[in-house]
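In what follows, a structure is listed as structure tokens, so that the remarks can point back to it.
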Amino acid sequence: MGAATHGRAPLRVRILAGVSTLGIILIVIAAVLLVLLIGGFIGAARRRERGAPHYDRHLAEADRALEHARAADKGWDRSLLEAAAREALADKRPDWEYEELVLVLVDDKPGVSEDRAHFLASGHGGEARVVLARRESGWALERVE
């Protein structure tokens, strides 16, 4: 007959008998987390693909807003803005090297003290948003996110 007739349980039953209930629960939880993690990566990639046209459109809008602000107010010089953003990154994240620095938002409000410029720096270490605030003396770092 089978293995049960010789006093030994089949291999599958012996393996399951050696694993505790807690072990089985932990294995199931780990498997569910792995499936969720993989699904999250797939979802993020799809969202990034769908958002690419929107990103380009927002970037173009920021460029147009900068041109409009610069035409109305000479304080919006792109080279000064980029220099302030690069200086802020060098000060706040001195060891981080970024490949790209892109102006993503121009917030030109009436007056000078409410003006903001948002840059997005990206590189191998991730992304950082640099927010510059306009002061009477020029552009100053408000925050790096």
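Identifiers in the structure tokens: chain A, B, ... in order shown; residue index from 1 per chain; ligand index from 1 in order shown.
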*asked:* Can you pull out every residue from stretch 29-113 of chain A that DSSP, working from the backbone, puts in strand (DSSP E or B), and format the result as a PyMOL selection string?
replied: chain A and resi 100-107
Take the residues from that selection and write them out as an mmCIF file, in the first residue's frame, keeping N, CA and C atoms.
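Final file, out10.cif:
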```
data_model
loop_
_atom_site.group_PDB
_atom_site.id
_atom_site.type_symbol
_atom_site.label_atom_id
_atom_site.label_comp_id
_atom_site.auth_asym_id
_atom_site.auth_seq_id
_atom_site.Cartn_x
_atom_site.Cartn_y
_atom_site.Cartn_z
ATOM 1 N N GLU A 100 18.904 67.604 -13.777
ATOM 2 C CA GLU A 100 17.991 68.536 -14.428
ATOM 3 C C GLU A 100 17.370 69.467 -13.399
ATOM 4 N N LEU A 101 17.269 70.727 -13.755
ATOM 5 C CA LEU A 101 16.606 71.738 -12.935
ATOM 6 C C LEU A 101 15.589 72.429 -13.828
ATOM 7 N N VAL A 102 14.304 72.251 -13.498
ATOM 8 C CA VAL A 102 13.231 72.718 -14.372
ATOM 9 C C VAL A 102 12.316 73.654 -13.587
ATOM 10 N N LEU A 103 12.004 74.778 -14.169
ATOM 11 C CA LEU A 103 11.024 75.693 -13.595
ATOM 12 C C LEU A 103 9.642 75.107 -13.842
ATOM 13 N N VAL A 104 8.888 74.825 -12.773
ATOM 14 C CA VAL A 104 7.595 74.168 -12.941
ATOM 15 C C VAL A 104 6.416 75.051 -12.550
ATOM 16 N N LEU A 105 6.664 76.135 -11.795
ATOM 17 C CA LEU A 105 5.554 76.988 -11.394
ATOM 18 C C LEU A 105 6.046 78.404 -11.172
ATOM 19 N N VAL A 106 5.317 79.349 -11.729
ATOM 20 C CA VAL A 106 5.574 80.768 -11.510
ATOM 21 C C VAL A 106 4.329 81.337 -10.848
ATOM 22 N N ASP A 107 4.484 81.862 -9.652
ATOM 23 C CA ASP A 107 3.369 82.436 -8.906
ATOM 24 C C ASP A 107 3.626 83.933 -8.769
#
```
*Go through chain A and collect every residue that DSSP, computed from the backbone, puts in alpha helix (DSSP H); the answer should be as a ChimeraX atom specification.*
/A:11-18,21-72,78-92
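Between atom CA of A:Ala31 and atom CA of A:Arg50 lies a distance of 28.7 Å.
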*asked:* Ranking A:Arg143, A:Arg78, A:Arg57, A:Arg93 by minimum distance to A:Arg129 and counting only C-alpha atoms, which one comes first?
replied: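 Of all the options, A:Arg143 lies closest to A:Arg129.
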*Please provide as number ranges by chain all residues within 12 Å of A:Gly138, with the sequence filter that same-chain residues fewer than 6 positions apart are discarded (counting only C-alpha atoms).*
A: 74-77, 80-81, 83-84, 112-113, 115-116, 132
*When you draw a straight line from atom CA of A:Tyr98 to atom CA of A:Leu141, how long is it in Å?*
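Atom CA of A:Leu141 lies 17.7 Å from atom CA of A:Tyr98.
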*Considering only C-alpha atoms, return as a ChimeraX atom specification whatever protein or nucleic-acid residues lie within 12 Å of A:Trp96, sequence-local ones (same chain, fewer than 6 positions apart) excluded.*
/A:86,88-90,121-128
*Quick one: pull the distance between atom CA of A:Ala65 and atom CA of A:Phe119, Å, one decimal.*
13.6 Å
For A:Glu142: contacts at 8 Å, only C-alpha atoms, fewer than 4 positions along chain excluded, given as a PDB file with C-alpha atoms, in the first residue's frame:
```
ATOM      1  CA  VAL A 130      12.970  74.281  -4.575  1.00  0.00           C
ATOM      2  CA  VAL A 131      10.631  77.136  -3.716  1.00  0.00           C
ATOM      3  CA  LEU A 132      12.065  80.625  -4.050  1.00  0.00           C
ATOM      4  CA  ALA A 133      10.402  83.698  -2.577  1.00  0.00           C
TER       5      ALA A 133
END
```
